[in-house]
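Content type compact mmCIF, C-alpha atoms, from the file upload_33.txt:
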# COMPACT_ATOMS: atom_id res chain seq x y z
CA MET A 1 0.00 0.00 0.00
CA GLN A 2 2.79 2.43 0.89
CA GLN A 3 4.56 1.69 -2.43
CA GLU A 4 1.38 2.67 -4.30
CA THR A 5 1.24 5.94 -2.35
CA ILE A 6 4.84 6.76 -3.25
CA GLN A 7 4.21 5.99 -6.93
CA THR A 8 1.07 8.16 -6.91
CA GLN A 9 3.01 11.03 -5.31
CA ARG A 10 5.80 10.71 -7.90
CA ARG A 11 3.27 10.64 -10.73
CA GLY A 12 1.66 13.78 -9.34
CA SER A 13 5.06 15.44 -9.01
CA SER A 14 5.90 14.43 -12.57
CA VAL A 15 2.69 15.91 -13.95
CA GLY A 16 3.28 19.02 -11.87
CA ALA A 17 6.83 19.43 -13.18
CA VAL A 18 5.71 19.22 -16.81
CA ALA A 19 2.69 21.47 -16.18
CA ALA A 20 4.86 24.06 -14.43
CA GLY A 21 7.26 24.22 -17.37
CA PHE A 22 4.37 24.58 -19.81
CA ILE A 23 2.65 27.25 -17.72
CA VAL A 24 5.87 29.26 -17.28
CA THR A 25 6.48 29.20 -21.02
CA ALA A 26 2.89 30.07 -21.95
CA LEU A 27 2.34 32.79 -19.34
CA LEU A 28 5.61 34.54 -20.10
CA SER A 29 4.95 34.39 -23.85
CA VAL A 30 1.38 35.65 -23.64
CA GLY A 31 2.30 38.21 -20.98
CA THR A 32 5.16 39.59 -23.02
CA ASP A 33 2.89 39.76 -26.08
CA ALA A 34 0.40 41.80 -24.04
CA VAL A 35 3.11 44.19 -22.85
CA MET A 36 4.40 44.59 -26.41
CA HIS A 37 0.90 45.43 -27.66
CA ARG A 38 0.11 47.80 -24.77
CA THR A 39 3.36 49.72 -25.12
CA GLY A 40 2.90 50.12 -28.87
CA ILE A 41 5.94 48.04 -29.81
CA PHE A 42 3.55 45.59 -31.49
CA PRO A 43 0.51 46.89 -33.37
CA VAL A 44 -3.01 46.44 -32.05
CA SER A 45 -4.11 42.79 -32.03
CA GLY A 46 -5.46 41.73 -35.40
CA GLU A 47 -3.26 44.14 -37.34
CA PRO A 48 -0.37 42.85 -39.48
CA MET A 49 3.11 42.96 -37.97
CA SER A 50 6.53 43.22 -39.66
CA ASP A 51 8.84 40.23 -40.01
CA GLY A 52 11.27 41.95 -37.65
CA LEU A 53 8.67 42.07 -34.90
CA PHE A 54 7.85 38.40 -35.47
CA ALA A 55 11.59 37.67 -35.19
CA TRP A 56 11.60 39.51 -31.85
CA ALA A 57 8.56 37.50 -30.69
CA ALA A 58 10.28 34.27 -31.78
CA ALA A 59 13.43 35.25 -29.86
CA TYR A 60 11.68 35.77 -26.55
CA ARG A 61 9.53 32.68 -27.05
CA ILE A 62 12.68 30.64 -27.59
CA ALA A 63 14.18 32.05 -24.38
CA PHE A 64 10.98 31.32 -22.45
CA THR A 65 10.88 27.78 -23.86
CA VAL A 66 14.43 27.17 -22.60
CA LEU A 67 13.29 28.47 -19.20
CA GLY A 68 10.29 26.11 -19.29
CA GLY A 69 12.62 23.17 -19.85
CA TYR A 70 14.78 24.35 -16.97
CA VAL A 71 11.78 24.60 -14.61
CA THR A 72 10.54 21.15 -15.61
CA ALA A 73 13.94 19.54 -15.09
CA ARG A 74 14.42 21.20 -11.71
CA LEU A 75 10.98 20.11 -10.47
CA ALA A 76 11.06 16.58 -11.85
CA PRO A 77 11.17 14.01 -9.02
CA ARG A 78 13.55 11.83 -11.07
CA GLN A 79 14.61 11.41 -14.71
CA PRO A 80 14.51 15.15 -15.46
CA MET A 81 15.34 14.77 -19.15
CA LEU A 82 12.42 12.41 -19.67
CA HIS A 83 10.14 15.06 -18.21
CA VAL A 84 11.75 17.66 -20.47
CA LEU A 85 11.18 15.40 -23.49
CA ILE A 86 7.50 15.09 -22.56
CA LEU A 87 7.23 18.88 -22.20
CA GLY A 88 8.91 19.38 -25.58
CA THR A 89 6.58 16.91 -27.25
CA ILE A 90 3.54 18.66 -25.80
CA GLY A 91 4.96 22.02 -26.90
CA ALA A 92 5.70 20.79 -30.42
CA LEU A 93 2.18 19.35 -30.72
CA ALA A 94 0.63 22.60 -29.45
CA ALA A 95 2.75 24.64 -31.87
CA THR A 96 1.77 22.30 -34.72
CA ALA A 97 -1.91 22.75 -33.86
CA GLY A 98 -1.40 26.53 -33.89
CA THR A 99 0.37 26.32 -37.25
CA VAL A 100 -2.46 24.31 -38.79
CA ALA A 101 -5.13 26.59 -37.30
CA THR A 102 -3.55 29.80 -38.62
CA TRP A 103 -1.94 28.63 -41.87
CA ASN A 104 -4.35 30.48 -44.18
CA ALA A 105 -5.89 32.78 -41.59
CA GLY A 106 -4.44 36.01 -42.96
CA PRO A 107 -1.44 38.32 -42.64
CA GLU A 108 -2.26 39.29 -39.04
CA PHE A 109 -1.06 35.79 -38.04
CA GLY A 110 2.34 36.49 -39.52
CA PRO A 111 4.69 34.99 -42.04
CA ARG A 112 4.63 31.23 -42.44
CA TRP A 113 8.19 30.83 -41.16
CA TYR A 114 7.12 31.99 -37.70
CA PRO A 115 4.85 29.10 -36.62
CA ILE A 116 7.15 26.61 -38.35
CA LEU A 117 10.06 27.97 -36.32
CA LEU A 118 8.06 27.50 -33.10
CA VAL A 119 7.39 23.86 -34.00
CA LEU A 120 11.03 23.17 -34.89
CA THR A 121 12.50 24.84 -31.80
CA ALA A 122 10.18 23.37 -29.15
CA LEU A 123 12.18 20.20 -28.44
CA PRO A 124 15.71 21.62 -28.76
CA CYS A 125 14.89 24.59 -26.53
CA VAL A 126 13.38 22.61 -23.67
CA TRP A 127 16.25 20.11 -23.99
CA LEU A 128 18.74 22.97 -23.59
CA GLY A 129 16.84 24.16 -20.52
CA GLY A 130 17.02 20.65 -19.10
CA LEU A 131 20.76 20.46 -19.74
CA ILE A 132 21.29 23.79 -17.99
CA ALA A 133 19.26 22.55 -15.02
CA ARG A 134 21.29 19.31 -14.84
CA ARG A 135 24.54 21.27 -14.76
CA SER A 136 23.29 23.43 -11.90
CA TYR A 137 22.52 20.53 -9.55

Would you mind writing the file's structure down as structure tokens?
Amino acid sequence: MQQETIQTQRRGSSVGAVAAGFIVTALLSVGTDAVMHRTGIFPVSGEPMSDGLFAWAAAYRIAFTVLGGYVTARLAPRQPMLHVLILGTIGALAATAGTVATWNAGPEFGPRWYPILLVLTALPCVWLGGLIARRSY
């Protein structure tokens, strides 16, 4: 009975570690977008944006994705890189869904390289965050 309790606690900790990394990445990305729009750096939502601004958005999303991998690895009860791999897979799937949903939605959703870049960088970025976390133990 006690072994089952320990396994249940680890499973909960594992889910929490992956969820925390995802939430950190998503909240920072969406929050930074909101600040960029409110300060006038990005145009009003729904208006087209230059490639340079999409490059800036991609840069901070990449940094936040690395941070999400770091958070997941640090919180993982064991096997941190497995948790990071799960986070990266979820992120890549979410980015793929976003790419499909906005592919022909109009110029306000940006150039096609942007969502493709988010799909391609999801796994490497969280992996880097996990490696950084492992080195800081």

I'd like the contact shell of region 59-63 of chain A - 12 Å cut-off, only C-alpha atoms, skipping same-chain residues fewer than 5 positions apart - returned as a VMD selection string. chain A and resid 24 to 33 36 52 to 54 68 to 70 91 95 114 to 115 117 to 129

Give me, please, the distance in Å between CA of Pro48 (chain A) and CA of Val100 (chain A), quoted to one decimal.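 Interatomic distance here is 18.7 Å.
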
Expressed in Å, the length from CA of Ala76 (chain A) to CA of Phe64 (chain A) is 18.2 Å

Within 10 Å of Tyr137 (chain A), counting only C-alpha atoms, which residues show up once you throw out same-chain ones fewer than 4 positions away? Write them as a list in words, please.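 What passes the distance filter is Arg74, Ile132 and Ala133 of chain A.
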
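Around the coordinate (17.4, 15.8, -11.4), residues that reach within 12 Å when counting all atoms listed in the file are A:Ser14, A:Ala17, A:Tyr70, A:Val71, A:Thr72, A:Ala73, A:Arg74, A:Leu75, A:Ala76, A:Pro77, A:Arg78, A:Gln79, A:Pro80, A:Met81, A:Leu82, A:His83, A:Val84, A:Gly130, A:Leu131, A:Ile132, A:Ala133, A:Arg134, A:Arg135, A:Ser136, A:Tyr137.
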